[in-house]
Amino acid sequence: MTTSDLRLSARDLACERGGRLVFESLEFDVAAGEALVLTGPNGSGKSSLLRQIAGLLEIGRGQIELTGGDPERALGEQAHYLGHLDALKPSMSVLETIRFWALYLGGSAAAAQAALDDMALGDLADLPVAYLSAGQRRRLALARLAAVPRPLWLLDEPTVALDQASVGRLRAFMAAHLAGGGIIVAATHLDLGLGTAKSLRLGAEEMA
Amino acid sequence: MTTSDLRLSARDLACERGGRLVFESLEFDVAAGEALVLTGPNGSGKSSLLRQIAGLLEIGRGQIELTGGDPERALGEQAHYLGHLDALKPSMSVLETIRFWALYLGGSAAAAQAALDDMALGDLADLPVAYLSAGQRRRLALARLAAVPRPLWLLDEPTVALDQASVGRLRAFMAAHLAGGGIIVAATHLDLGLGTAKSLRLGAEEMA
Amino acid sequence: MSRAFLALLLRDLRLAARLGGGGGMAVFFFLVVIAIVPLGVGPDRPLLASLAPGMLWVALLLAALLTLDRLFQADYEDGSLDLLSTGPLPLELVAVAKALAHWIVTGLPLVVSAPLLGVLLNLPSAAALPLTLAMLIGTPALSFLGSVGAALTVGIRRGGLLASLLVLPFYIPVLIFGVGAAAAASGGFEGEAGRQAFLLLGAVTLASFAVGPLAAAAALRANLR
Amino acid sequence: MSRAFLALLLRDLRLAARLGGGGGMAVFFFLVVIAIVPLGVGPDRPLLASLAPGMLWVALLLAALLTLDRLFQADYEDGSLDLLSTGPLPLELVAVAKALAHWIVTGLPLVVSAPLLGVLLNLPSAAALPLTLAMLIGTPALSFLGSVGAALTVGIRRGGLLASLLVLPFYIPVLIFGVGAAAAASGGFEGEAGRQAFLLLGAVTLASFAVGPLAAAAALRANLR
Amino acid sequence: MAGMSSLSAAQRFHAYANPARFMALSSRLVAPLGMLSALVIAAGLWFALVASPPDYQQGETVRIMYVHVPSAWLAMFGYSVMAVASAVALIFRHPLADVAAKSAAPIGAAFTFLALVTGSLWGRPMWGTWWEWGDARLVSMLILLFLYLGYMALWATIEEPVRAARAAAVLALVGSINLPVIRYSVDWWNTLHQPASVFRMDGPTIASSMLLPLGLMALGFTVLFVTLLLVRMRAEIMRRRVRNLRLARAASGAGA
Ligand code: HEM
Ligand SMILES: Nc1ncnc2c1ncn2[C@@H]1O[C@H](COP(=O)(O)OP(=O)(O)OP(=O)(O)O)[C@@H](O)[C@H]1O
Ligand SMILES: Nc1ncnc2c1ncn2[C@@H]1O[C@H](COP(=O)(O)OP(=O)(O)OP(=O)(O)O)[C@@H](O)[C@H]1O
Ligand SMILES: [Mg+2]
Ligand SMILES: [Mg+2]
């Protein structure tokens with residue numbers, strides 16, 4: 001995670017979904033400590049691009065490469081993917097959930113507890129996930145990123161459902177990740193407050 | 001819908017979820033043409049309040065009343081509820097979906113088509129819902145409000161996943177509804193651009 | 001209101017046809033159960049013939065159970081049920097529309113395939129017609145009673161198993177009268193006993209029409225709030 | 001990696017226990033299915049005894065089927081599967097963990113309760129041990145083969161029918177050899193036939209261990225992309 | 001403190017006045033009732049096992065009857081209690097009714113199980129088999145057990161008490177309609193397939209020497225049922241209070 005020669009790059013990337021071409025000839029380069037913000041109208045392919053980077057969607061043409069990372073692990077294993085779905089089980093408690101993900105993704109139980117506190121969920125630790133509000137769920141999903149360190153964060157509209165205090169917390173959290181030499185690729189319709197971020201606008205030509 | 005003596009009011013309202021008191025002694029009054037914006041930190045009960053109004057959640061104590069509406073129909077039947085779940089079936093096409101809801105909720109097939117155009121979904125009419133992006137799904141959910149006129153709109157974070165053009169469209173749409181004598185109750189963490197709206201802050205005392 | 005009913009019924013039929021979840025799977029399961037009976041009992045033809053109506057009914061019941069959990073669960077999970085309950089259609093009629101769609105999609109194909117599968121079990125041809133008739137009368141009760149179980153377990157993930165548990169005791173009268181009707185009518189004595197069994201079976205089905213939607217709607221209300 | 005495997009296994013067991021999809025429910029379901037057979041085919045005791053192994057196997061299969069279809073589906077629908085595939089555990093081992101959890105939760109309790117329930121069906125006591133043994137050998141195959149079907153159906157919206165029908169044919173060899181093994185060993189001729197049936201059953205199960213996880217992982221990969 | 005105030009509010013909200021009165025009353029009743037049932041059952045057992053003659057036909061096995069018959073009665077009584085309490089819970093929303101219904105189920109199920117087991121034990125010597133599918137009463141008893149188990153399973157799987165209570169009440173009521181239907185249908189089915197049962201349920205006319213222990217045992221079992229019901233209801237109310245306290249505490253600092 002402190003490898004400072006980390007670099008995520010895409011060359012001549014294309015994406016096809018349901019028989020339709022979503023984007024093509026996409027190129028970008030993000031170095032350690034940098035963030036890339038994806039913007040663009042609905043359906044322009046932001047979520048699709050994030051899934052491609054995470055290895056969760058076929059790459060039509062071109063390639064995505066992470067250099068300077070762990071050569072033994074696939075790109076997806078070095079990345080945290082935060083999508084629209086939050087991968088939470090209603091019947092598990094908040095603590096059980098984050099514990100499970102920490103252990104499964106290769107972290108420790110102690111880190112799991114700390115991650116809950118980072119997201120101000122410590123008080124809710126024993127509640128079943130079914131009892132959480134939309135924003136509390138989102139915070140629990142975000143706590144995964146704190147529990148297990150991974151150099152690359154792929155965030156799909158991370159601020160959705162968060163209240164102002166939580167958005168502030170998320171910003172500080174992202175800034176710390178970048179300062180530690182991590183990379184963030186985030187899709188958003190709003191300002192994420194990543195001042196220095198590169199930005200990539202998808203599907204602009206389609207806009208009315 | 002043009003009844004201008006429409007009024008939604010709550011008296012001494014309490015909400016309990018999973019054995020915990022979420023809020024109590026809540027009071028509000030919204031008249032025809034007015035909007036009420038619910039704000040507050042995550043877990044303060046915004047979504048719960050909307051579900052109570054729609055009749056989808058037990059009212060712990062107190063009451064909610066819609067005066068000046070159709071006395072023959074329950075409150076929930078005079079309201080559109082737009083929640084976090086979008087009630088879409090992946091295997092139905094966009095047009096089939098909105099047609100079904102229009103007919104089911106008491107509108108017409110012609111209105112359904114017009115509603116699609118209102119939400120700039122006309123081009124996607126024949127796509128299966130499974131192929132839609134997050135924002136496109138949200139727009140399809142919103143198209144229900146355009147397809148069937150109902151005086152009361154209950155919107156839970158309606159701008160989530162919408163791109164800027166769509167947010168603009170939604171604002172105009174809400175303004176038109178208010179101008180026509182409708183009522184809107186909306187929960188949000190962002191500015192909805194409803195300039196003249198009343199606002200109700202939930203759970204403020206709990207905030208750190 | 002009747003337009004809303006029709007719209008819902010058609011939507012459910014369409015979804016079932018697209019997803020292929022219902023009828024095909026039920027019929028296939030039916031076939032498998034029937035196919036293994038000779039394996040257990042041995043190939044004795046008269047014995048198989050005497051078993052056939054009972055086994056066909058049991059297999060039918062099990063096949064109907066397999067599809068129950070999709071009745072309301074999918075609509076609950078994606079939020080459709082919330083909206084369905086704010087429409088002009090009372091929840092009772094929503095339950096009727098869904099049970100009806102369930103019957104058309106699973107019950108009807110099972111009834112149609114039963115006499116064909118009966119051949120595998122050496123079902124006497126004289127018994128095929130009464131059996132099919134009994135099934136035609138009895139299967140709607142399976143859907144309507146089943147809707148109660150499905151409504152009770154809505155919102156429970158993997159509620160399918162629980163739903164079938166809750167529902168099975170209620171299926172037993174259908175089973176008993178159904179087997180009785182088929183046996184009585186095919187066993188030769190066309191008269192009193194056969195007619196009576198059919199009447200009882202019809203009465204159970206009618207009762208399920210009355211009780212099923214009411215109970216299902218009450219259960220949905222409990223689970224939606 | 002083995003820690004991740006354990007974590008996943010424990011999570012699935014815990015979820016099953018909480019949701020009530022656990023062993024108790026499977027056994028209860030088993031009991032109810034067993035109870036309706038005599039109601040369908042009549043109370044003739046020798047006949048029931050001859051049906052018993054077959055019906056016990058069918059009940060087992062049904063319980064497995066009812067719980068299998070959500071083996072991966074639930075994790076797919078809430079996005080967990082995406083994350084599971086980005087962990088250090090290869091998808092093959094994810095499939096093993098899930099199939100194992102499924103067997104512990106449904107297969108094992110059913111095997112344990114089968115001889116007890118056999119009493120209800122008048123299962124000859126000489127047949128109880130061979131049947132239980134056959135089930136112990138055969139049920140893991142139901143979970144491991146089932147995981148392939150579950151993986152194939154994951155997330156497929158339109159090809160649903162084809163995919164769900166794929167599960168059942170996989171089960172038929174287990175069923176045939178399972179019933180055969182129990183019947184052969186209890187029927188008295190302890191020798192060649194019984195041994196052979198058990199060997200075949202064991203072979204099917206071993207094959208399912210080898211093929212199941214590989215095929216399930218391949219299907220998951222195809223469906224996740 | 002936010003925590004304290006929301007806790008007391010939650011308690012007010014629950015209108016615990018009624019359950020509180022129940023708790024006070026029942027705490028005084030449980031011990032005497034328990035003692036009474038023990039005494040009556042002991043007396044019944046003494047008459048049943050020692051002071052009554054063996055049956056001239058059935059021999060010593062007749063003594064099973066003194067457990068079997070009251071168990072069977074209470075099995076059905078338990079379901080009636082459950083159904084009535086469920087109706088009260090659904091219609092009047094009385095807070096104690098669903099507690100009563102929930103608490104009655106396992107007790108009724110236990111008596112059902114006891115009736116089944118003692119019946120089987122009795123059936124072995126009398127009848128040569130543990131179980132007979134051809135008999136209406138046996139089958140309907142088994143179905144009653146299924147109804148109980150299903151009801152309990154439903155309670156166990158729905159996390160939220162209010163929701164679980166309503167759903168379970170609907171099930172109990174529908175089940176109560178089903179019960180006579182089942183009995184009637186099985187009778188009918190029975191006469192078709194197996195005209196004469198091996199043994200007659202109404203049995204020989206009962207001698208007074210047997211009537212006394214039977215009556216005592218029935219009374220003792222009934223008092224036992226009531227005692228257990230009270231104990232379970234108290235436990236259930238306590239459990240709910242603890243749950244609310246735990247949840248309230250979890251929520252107290254939960255804020256933003
Ligand atoms: C598993 C087996 C059995 C079950 C489930 C069972 C069930 C029942 C039930 C439900 C009742 C109460 C009937 C009523 O009050 O309406 C009952 C009563 C009775 N049973 Fe059984 N029974 C079983 C076996 C037997 C056997 C083997 C015998 C004796 C040969 C027996 C003798 C009686 C007698 C004498 C009564 C009292 C009848 C009366 O006067 O009300 N039962 N049993
Ligand atoms: N299904 C449920 N069962 C029990 N408790 C719940 C349930 N859903 C929400 N809660 C609890 O009720 C409270 C209010 O939740 P609600 O969803 O109304 O909050 P909200 O204001 O909409 O929050 P957000 O901004 O995160 O959407 C929260 O404390 C939450 O934990
Ligand atoms: N599962 C799918 N199958 C086929 N096509 C899809 C699928 N999901 C999305 N698409 C299509 O791919 C395109 C890009 O979708 P994507 O979700 O990446 O957009 P997005 O930029 O994230 O939009 P939004 O701002 O609405 O989230 C859209 O045109 C959409 O219709
Ligand atoms: Mg997106
Ligand atoms: Mg909310």
# chains A, B, ... in the order shown; residues from 1 in each chain; ligands from 1

$ residues_near_ligand --ligand "ligand 4" --cutoff "6 Å" --atoms "only C-alpha atoms and all ligand atoms" --output "list in words"
Lys46 and Ser47 of chain A; Ser133 and Ala134 of chain B

$ interface_residues --of "chain B" --to "chain A" --cutoff "9 Å" --atoms "only C-alpha atoms" --output "ChimeraX atom specification"
/B:17-18,39-45,47-48,84,131-136,157,160-166,188-190,208

$ residues_near_ligand --ligand "ligand 1" --cutoff "6 Å" --atoms "only C-alpha atoms and all ligand atoms" --output "PyMOL selection string"
chain E and resi 69+72-73+115-116+119-120+122-123+126+137-138+141+201-203

$ closest_residue --among "A:Arg99, A:His177, A:Arg73, A:Arg169" --to "chain E" --atoms "only C-alpha atoms"
A:Arg169

$ interface_residues --of "chain E" --to "chain C" --cutoff "8 Å" --atoms "only C-alpha atoms" --output "number ranges by chain"
E: 143, 146-147, 150-151, 153-154, 157-158, 163-164, 166-168, 170-171, 174-175, 178, 181-182, 185-186, 189, 192

$ calpha_fit_rmsd --fixed "chain D" --moving "chain C"
1.7 Å

$ closest_residue --among "A:Ala32, A:Leu49, A:Ile59, A:Ala125" --to "ligand 3" --atoms "only C-alpha atoms and all ligand atoms"
A:Leu49
